[in-house]
Amino acid sequence: MTERERMLRRLSSLDFAAAELHIYLDTHPDDNRTADILSEYRSQRDAVRREYEEKYGPLSSMNEDGNRWAWISDPWPWDNQEV
């Protein structure tokens with residue numbers, strides 16, 4: 001597995017965990033411990049996303065820097081695949 005794939009897998013895992021915790025908090029709004037854990041997962045997710053985007057480019061067209069076309073800039077994912 002390449003570093004890029006590991007980062008995407010980590011990002012996916014953090015997104016999943018955050019979504020599940022958010023659903024749990026919908027039914028347990030007073031659970032402060034879980035709210036703290038959710039906040040930590042979101043922070044980790046944001047850090048991994050920033051690192052990924054610095055190395056490999058934006059993950060979506062909703063780019064934070066306001067350039068909605070940055071996601072189509074070179075290189076394309078298949079141009080510089082790690083072996």
# chains A, B, ... in the order shown; residues from 1 in each chain; ligands from 1
>>> residues_around(residues="Asp15 (chain A)", least_positions_apart="2", cutoff="10 Å", atoms="only C-alpha atoms", output="ChimeraX atom specification")
/A:9-13,17-21,41-42,44-46
>>> write_last_selection(atoms="C-alpha atoms", output="PDB file, in the first residue's frame")
ATOM      1  CA  ARG A   9      -7.670   5.018   4.271  1.00  0.00           C
ATOM      2  CA  ARG A  10      -6.896   6.976   7.463  1.00  0.00           C
ATOM      3  CA  LEU A  11      -9.016   9.883   6.243  1.00  0.00           C
ATOM      4  CA  SER A  12     -11.878   7.536   5.424  1.00  0.00           C
ATOM      5  CA  SER A  13     -11.636   5.910   8.855  1.00  0.00           C
ATOM      6  CA  ALA A  17     -15.790   7.491  13.085  1.00  0.00           C
ATOM      7  CA  ALA A  18     -16.833  11.152  13.170  1.00  0.00           C
ATOM      8  CA  ALA A  19     -20.098  10.385  11.368  1.00  0.00           C
ATOM      9  CA  GLU A  20     -20.917   7.538  13.741  1.00  0.00           C
ATOM     10  CA  LEU A  21     -20.144   9.619  16.806  1.00  0.00           C
ATOM     11  CA  TYR A  41     -11.430  12.895  15.516  1.00  0.00           C
ATOM     12  CA  ARG A  42     -12.458  15.972  13.551  1.00  0.00           C
ATOM     13  CA  GLN A  44      -7.232  14.560  13.301  1.00  0.00           C
ATOM     14  CA  ARG A  45      -9.298  14.347  10.103  1.00  0.00           C
ATOM     15  CA  ASP A  46      -8.616  17.990   9.284  1.00  0.00           C
TER      16      ASP A  46
END
>>> closest_residue(among="A:Thr2, A:Arg49, A:Asp79, A:His22", to="Asp36 (chain A)", atoms="only C-alpha atoms")
A:His22
>>> closest_residue(among="A:Glu53, A:Ser60, A:Glu40, A:Asp26", to="Leu14 (chain A)", atoms="only C-alpha atoms")
A:Glu40
>>> closest_residue(among="A:Phe16, A:Ser39, A:Tyr24, A:Met7", to="Lys55 (chain A)", atoms="only C-alpha atoms")
A:Met7
